[in-house]
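The next block holds one structure in the form of structure tokens; read it before the comments.
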Amino acid sequence: MIDAVERKIEQYLDELNDGYVSQLYKKIPHGKRLRAKLILKIAGSSLKVLKTAATVEMIHAASLLHDDVIDDANQRRGQISVNASEGNKTAIMLGDILYSKAFFELNSISSEVAKIISNAVVQLSLGELADVKLSEKFHTNRDAYLKMLYQKTASLMEASAESAAILAGKNRQAYRQYGRNLGIAFQMIDDILDITQDTKHLGKPALHDFKEGKVTLPYIYLYEALAQEDRAFLISLHKKSLSEDEANWIKSAMQKHKIIEKSYAEAETLIEEAITSMESLGEQDLSNIAKSMIERKF
Ligand code: FPP
Ligand code: MG
């Protein structure tokens, strides 16, 4: 069924009658299509549902095109990113095209769904801005970090699940909460994998968040666990290209203070809540999606 979403996106782009745009889009690796999968699992595969899934994936793709420009990233999903291969201007405009075409199409699905998704894009953008601000200097503001993470990543998953529930006539609150938990846990695990996995598995450079200025949850917890002089050393590494010794220092300090376990447990709590809620609704597939997220090792 996910193929039908793929075809819908291609159809939307072909309607723009611009061969270059269709061709550019086809070059972007697709990723897991997690949001579309959630929508189809919740709401089936009617035309409205396929359209919703297609528009959400187009918005997600647009946000990543813009994010790679903002982060000055050279790689996305193991391939050269559009900003790196075609330049920032093309990446920004391709994002704008995907985003505005998606919104045009959303209007013909349902005004309620359009409102939910467009509000999520406001949150997404507020989250990205907060991410940029929080990355300027070292911080230990867990609440600000969690709010940013919810806005940047969870808001679109929350909106996807809620929209699908509306289309399927299901309890929107339960599915909204499920999408939110999944989204926050997803980004928490992403932050952990940046520390525990190597470049080959990540499809982007390892231990890169801290160099980019991103003080993710494990770094906040590490700071809290360290003695005064080690805290100063950690801060001195922020935004720096790390030597092998420095990278190993971070990794072994994390190990010593069981930081990965602590961060992982937080994601696990959210996933367990999502699993319990979906099992009580008889949604085994959605419960399995939540389970597989916590087992993610790439
Ligand atoms: C990835 O974060 C970024 C996002 C999930 C959202 C980015 C949102 C925007 C750029 C706003 C989008 C606005 C419109 C109008 C579509 P990351 O850099 O932490 O993750 P990464 O490692 O995958 O790059
Ligand atoms: Mg990024």
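Letters for chains follow the order of the structure tokens (A, B, ...), residue numbers begin at 1 for each chain, and ligand numbers begin at 1 in the order shown.
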Query - Contacts with ligand 1 at most 7 Å, only C-alpha atoms and all ligand atoms counted, listed as a list in words - result: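 Every residue with an atom at most 7 Å from ligand 1 is listed here: Ile59, His60, Ala62, Ser63, Leu64, His66, Asp67, Asp68, Asp71, Gly95, Asp96, Tyr99, Val121, Leu124, Ser125, Glu128, Lys152 and Thr153 of chain A.
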C-alpha atoms of the current selection, written as an mmCIF file, in the first residue's frame:
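Result file follows (result_15.cif):
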data_model
loop_
_atom_site.group_PDB
_atom_site.id
_atom_site.type_symbol
_atom_site.label_atom_id
_atom_site.label_comp_id
_atom_site.auth_asym_id
_atom_site.auth_seq_id
_atom_site.Cartn_x
_atom_site.Cartn_y
_atom_site.Cartn_z
ATOM 1 C CA ILE A 59 5.874 18.021 4.024
ATOM 2 C CA HIS A 60 8.328 15.791 5.879
ATOM 3 C CA ALA A 62 10.382 19.459 2.507
ATOM 4 C CA SER A 63 11.341 19.891 6.157
ATOM 5 C CA LEU A 64 14.416 17.661 5.715
ATOM 6 C CA HIS A 66 15.362 22.775 4.580
ATOM 7 C CA ASP A 67 16.927 21.177 7.644
ATOM 8 C CA ASP A 68 19.947 20.003 5.637
ATOM 9 C CA ASP A 71 22.505 22.200 9.348
ATOM 10 C CA GLY A 95 11.314 22.088 -0.316
ATOM 11 C CA ASP A 96 9.011 25.039 -0.966
ATOM 12 C CA TYR A 99 5.408 21.985 0.847
ATOM 13 C CA VAL A 121 4.024 22.584 10.330
ATOM 14 C CA LEU A 124 7.790 22.023 13.175
ATOM 15 C CA SER A 125 9.135 25.393 12.163
ATOM 16 C CA GLU A 128 13.583 24.058 14.132
ATOM 17 C CA LYS A 152 10.495 19.543 15.683
ATOM 18 C CA THR A 153 9.808 15.825 15.407
#
Counting only C-alpha atoms and all ligand atoms, which residues in chain A sit no more than 12 Å from ligand 2? For each one, give the nearest pair of atoms and the distance in Å, sorted by chain then residue number, as CSV.
residue,atom,partner,partner_atom_place_in_ligand_line,distance
A:Ser63,CA,ligand 2,1 (Mg),9.6
A:Leu64,CA,ligand 2,1 (Mg),7.1
A:Leu65,CA,ligand 2,1 (Mg),9.1
A:His66,CA,ligand 2,1 (Mg),8.7
A:Asp67,CA,ligand 2,1 (Mg),5.1
A:Asp68,CA,ligand 2,1 (Mg),5.3
A:Val69,CA,ligand 2,1 (Mg),8.3
A:Ile70,CA,ligand 2,1 (Mg),7.4
A:Asp71,CA,ligand 2,1 (Mg),5.2
A:Asp72,CA,ligand 2,1 (Mg),8.0
A:Ala73,CA,ligand 2,1 (Mg),6.7
A:Asn74,CA,ligand 2,1 (Mg),10.0
A:Gln75,CA,ligand 2,1 (Mg),9.6
A:Arg76,CA,ligand 2,1 (Mg),8.7
A:Arg77,CA,ligand 2,1 (Mg),11.1
A:Ser81,CA,ligand 2,1 (Mg),10.8
A:Asn83,CA,ligand 2,1 (Mg),12.0
A:Glu128,CA,ligand 2,1 (Mg),9.3
A:Asp131,CA,ligand 2,1 (Mg),9.8
A:Val132,CA,ligand 2,1 (Mg),10.3
A:Ser135,CA,ligand 2,1 (Mg),11.8
A:Lys152,CA,ligand 2,1 (Mg),10.6
A:Thr153,CA,ligand 2,1 (Mg),11.2
A:Gln187,CA,ligand 2,1 (Mg),11.5
A:Asp190,CA,ligand 2,1 (Mg),11.1
A:Asp191,CA,ligand 2,1 (Mg),11.3
A:Asp194,CA,ligand 2,1 (Mg),11.7
A:Lys204,CA,ligand 2,1 (Mg),9.9
A:Pro205,CA,ligand 2,1 (Mg),11.3
A:His208,CA,ligand 2,1 (Mg),9.9
A:Asp209,CA,ligand 2,1 (Mg),8.7
A:Glu212,CA,ligand 2,1 (Mg),9.1
A:Gly213,CA,ligand 2,1 (Mg),11.3
A:Lys214,CA,ligand 2,1 (Mg),10.0
Query raised in the report: If you run DSSP on the backbone, which residues of stretch 54-290 of chain A are alpha helix (DSSP H), as a count of residues only?
Result: 181
Non-local contacts of stretch 276-293 of chain A (10 Å; only C-alpha atoms; under 2 positions in same chain excluded) as a tab-separated table (two decimals) with N, CA and C atoms, in the first residue's frame:
chain	number	residue	atom	x	y	z
A	34	LEU	N	7.67	6.43	7.76
A	34	LEU	CA	7.02	6.09	9.02
A	34	LEU	C	5.66	6.77	9.18
A	37	LYS	N	3.09	5.19	6.93
A	37	LYS	CA	2.73	3.86	7.44
A	37	LYS	C	1.75	3.96	8.60
A	38	LEU	N	2.01	4.92	9.49
A	38	LEU	CA	1.09	5.12	10.62
A	38	LEU	C	-0.31	5.45	10.12
A	41	LYS	N	-1.97	2.42	8.58
A	41	LYS	CA	-2.33	1.41	9.59
A	41	LYS	C	-3.56	1.85	10.39
A	42	ILE	N	-3.66	3.16	10.64
A	42	ILE	CA	-4.80	3.64	11.44
A	42	ILE	C	-6.07	3.72	10.60
A	171	ASN	N	-11.00	7.16	17.91
A	171	ASN	CA	-10.78	8.09	19.03
A	171	ASN	C	-9.54	8.95	18.79
A	174	ALA	N	-6.65	9.33	21.64
A	174	ALA	CA	-5.77	8.18	21.91
A	174	ALA	C	-4.67	8.07	20.84
A	175	TYR	N	-5.06	8.29	19.57
A	175	TYR	CA	-4.09	8.13	18.48
A	175	TYR	C	-3.12	9.32	18.45
A	177	GLN	N	-2.07	10.94	21.08
A	177	GLN	CA	-1.09	10.70	22.14
A	177	GLN	C	-0.07	9.63	21.70
A	178	TYR	N	-0.57	8.63	21.02
A	178	TYR	CA	0.32	7.57	20.49
A	178	TYR	C	1.36	8.19	19.55
A	179	GLY	N	0.90	9.02	18.61
A	179	GLY	CA	1.82	9.65	17.64
A	179	GLY	C	2.82	10.54	18.35
A	181	ASN	N	3.91	10.27	21.54
A	181	ASN	CA	4.90	9.44	22.25
A	181	ASN	C	5.92	8.85	21.29
A	182	LEU	N	5.41	8.34	20.17
A	182	LEU	CA	6.28	7.73	19.17
A	182	LEU	C	7.29	8.75	18.65
A	183	GLY	N	6.82	9.95	18.37
A	183	GLY	CA	7.67	11.00	17.81
A	183	GLY	C	8.77	11.42	18.78
A	185	ALA	N	9.93	9.68	21.35
A	185	ALA	CA	10.84	8.55	21.55
A	185	ALA	C	11.76	8.39	20.33
A	186	PHE	N	11.19	8.57	19.14
A	186	PHE	CA	11.97	8.44	17.90
A	186	PHE	C	13.17	9.39	17.93
A	189	ILE	N	15.80	8.42	20.56
A	189	ILE	CA	16.64	7.29	20.10
A	189	ILE	C	17.63	7.78	19.05
A	267	ALA	N	13.01	7.05	26.72
A	267	ALA	CA	12.31	6.74	25.47
A	267	ALA	C	11.44	5.49	25.65
A	268	GLU	N	11.98	4.54	26.41
A	268	GLU	CA	11.26	3.28	26.64
A	268	GLU	C	9.92	3.51	27.37
A	270	LEU	N	7.99	6.10	27.20
A	270	LEU	CA	7.02	6.63	26.24
A	270	LEU	C	6.50	5.53	25.31
A	271	ILE	N	7.42	4.65	24.90
A	271	ILE	CA	7.04	3.56	24.00
A	271	ILE	C	6.11	2.58	24.72
A	272	GLU	N	6.41	2.30	25.99
A	272	GLU	CA	5.54	1.38	26.74
A	272	GLU	C	4.13	1.93	26.85
A	273	GLU	N	4.03	3.23	27.09
A	273	GLU	CA	2.71	3.87	27.17
A	273	GLU	C	1.97	3.71	25.82
A	274	ALA	N	2.72	3.91	24.74
A	274	ALA	CA	2.12	3.79	23.40
A	274	ALA	C	1.66	2.35	23.15
A	295	GLU	N	13.69	-0.87	19.30
A	295	GLU	CA	14.74	-1.85	18.94
A	295	GLU	C	15.63	-1.33	17.82
A	296	ARG	N	15.38	-0.09	17.37
A	296	ARG	CA	16.11	0.49	16.24
A	296	ARG	C	17.61	0.57	16.54
A	297	LYS	N	18.40	0.00	15.62
A	297	LYS	CA	19.84	0.00	15.89
A	297	LYS	C	20.59	0.43	14.63
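The space between atom CA of A:Lys137 and atom CA of A:Ser236 spans 10.9 Å.
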Query raised in the report: When distances are computed from only C-alpha atoms, which of A:Gly169, A:Arg231, A:Thr216, A:Lys240 shows the smallest separation from A:Ala43?
Result: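 Checking each of A:Gly169, A:Arg231, A:Thr216, A:Lys240 against A:Ala43, counting only C-alpha atoms, the winner is A:Gly169.
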Report task. Identify, on the basis of only C-alpha atoms, every residue whose closest approach to stretch 105-119 of chain A does not exceed 6 Å; exclude the query and any residue fewer than 3 positions from it along the same chain; express the result as a PyMOL selection string. Result -> chain A and resi 48+102+122+159+163
Residues just named, written with all heavy atoms as a PDB file, in the first residue's frame:
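Okay, this is what ended up in out-v7.pdb:
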ATOM      1  N   LYS A  48      -8.820   9.305   0.221  1.00  0.00           N
ATOM      2  CA  LYS A  48      -8.532  10.401   1.166  1.00  0.00           C
ATOM      3  C   LYS A  48      -7.333  10.071   2.059  1.00  0.00           C
ATOM      4  O   LYS A  48      -6.509  10.931   2.367  1.00  0.00           O
ATOM      5  CB  LYS A  48      -9.750  10.653   2.079  1.00  0.00           C
ATOM      6  CG  LYS A  48     -10.718  11.643   1.500  1.00  0.00           C
ATOM      7  CD  LYS A  48     -11.707  12.089   2.550  1.00  0.00           C
ATOM      8  CE  LYS A  48     -12.586  13.154   1.902  1.00  0.00           C
ATOM      9  NZ  LYS A  48     -13.464  13.825   2.793  1.00  0.00           N
ATOM     10  N   ALA A 102       1.735  20.232  -1.380  1.00  0.00           N
ATOM     11  CA  ALA A 102       1.076  19.404  -0.352  1.00  0.00           C
ATOM     12  C   ALA A 102      -0.086  20.181   0.263  1.00  0.00           C
ATOM     13  O   ALA A 102      -1.182  19.643   0.438  1.00  0.00           O
ATOM     14  CB  ALA A 102       2.087  18.995   0.722  1.00  0.00           C
ATOM     15  N   VAL A 122       3.521  24.588  11.627  1.00  0.00           N
ATOM     16  CA  VAL A 122       3.922  25.762  12.428  1.00  0.00           C
ATOM     17  C   VAL A 122       4.815  25.280  13.576  1.00  0.00           C
ATOM     18  O   VAL A 122       5.893  25.831  13.833  1.00  0.00           O
ATOM     19  CB  VAL A 122       2.689  26.517  12.994  1.00  0.00           C
ATOM     20  CG1 VAL A 122       3.132  27.669  13.883  1.00  0.00           C
ATOM     21  CG2 VAL A 122       1.795  27.027  11.874  1.00  0.00           C
ATOM     22  N   ALA A 159       0.184  14.777  14.544  1.00  0.00           N
ATOM     23  CA  ALA A 159      -0.837  15.253  13.603  1.00  0.00           C
ATOM     24  C   ALA A 159      -1.221  14.153  12.605  1.00  0.00           C
ATOM     25  O   ALA A 159      -2.386  14.037  12.214  1.00  0.00           O
ATOM     26  CB  ALA A 159      -0.320  16.485  12.858  1.00  0.00           C
ATOM     27  N   SER A 163      -4.979  12.878  12.452  1.00  0.00           N
ATOM     28  CA  SER A 163      -5.707  13.040  11.184  1.00  0.00           C
ATOM     29  C   SER A 163      -6.255  11.704  10.698  1.00  0.00           C
ATOM     30  O   SER A 163      -7.396  11.611  10.240  1.00  0.00           O
ATOM     31  CB  SER A 163      -4.775  13.602  10.103  1.00  0.00           C
ATOM     32  OG  SER A 163      -4.282  14.841  10.514  1.00  0.00           O
TER      33      SER A 163
END
Query raised in the report: Could you pull the residues within 10 Å of A:Tyr221, counting only C-alpha atoms, minus those fewer than 2 positions along the same chain, as a ChimeraX atom specification?
Result: /A:140,142,215-219,223-226,254,257-260,262-263
Output file for the residues above (C-alpha atoms, as a compact mmCIF listing (two decimals), in the first residue's frame):
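Generated file (selection_37.txt):
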# COMPACT_ATOMS: atom_id res chain seq x y z
CA THR A 140 21.51 22.18 30.28
CA ARG A 142 16.12 19.79 29.67
CA VAL A 215 23.16 19.51 23.31
CA THR A 216 20.91 16.46 23.26
CA LEU A 217 19.51 14.65 26.30
CA PRO A 218 22.55 12.36 26.84
CA TYR A 219 24.86 15.40 26.94
CA TYR A 223 26.93 17.25 32.35
CA GLU A 224 24.76 16.71 35.42
CA ALA A 225 26.71 13.55 36.35
CA LEU A 226 30.22 15.01 35.92
CA MET A 254 28.79 8.26 29.08
CA HIS A 257 27.77 7.27 34.29
CA LYS A 258 25.29 4.99 32.50
CA ILE A 259 24.01 7.93 30.47
CA ILE A 260 22.85 5.93 27.46
CA LYS A 262 19.24 6.59 31.46
CA SER A 263 18.31 8.30 28.18
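Restricting the calculation to only C-alpha atoms, the smallest distance between A:Glu10 and any of A:Val49, A:Lys170, A:Leu98, A:Asp230 is found for A:Leu98.
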Query raised in the report: When DSSP works through the backbone of this structure, what residues of stretch 45-226 of chain A end up as strand (DSSP E), shown as number ranges by chain?
Result: A: 75-76, 79-80
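The smallest atom-to-atom distance between A:Phe138 and any of A:Leu234, A:Leu47, A:Ile28, A:Leu16, using only C-alpha atoms, is found for A:Leu234.
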Query raised in the report: Which is closer to A:Asp18 than all the others in A:Ile235, A:Ile97, A:Gln173, A:Ser243, using only C-alpha atoms?
Result: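 Closest to A:Asp18, using only C-alpha atoms: A:Ile97.
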Report summary line: If you count only C-alpha atoms, the residue of A:Ala253, A:Arg7, A:Lys239, A:Lys27 closest to A:Ile80 turns out to be A:Lys27
Query raised in the report: Between atom CA of A:Ala168 and atom CA of A:Leu50, what is the spacing in Å?
Result: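 The value is 12.4 Å.
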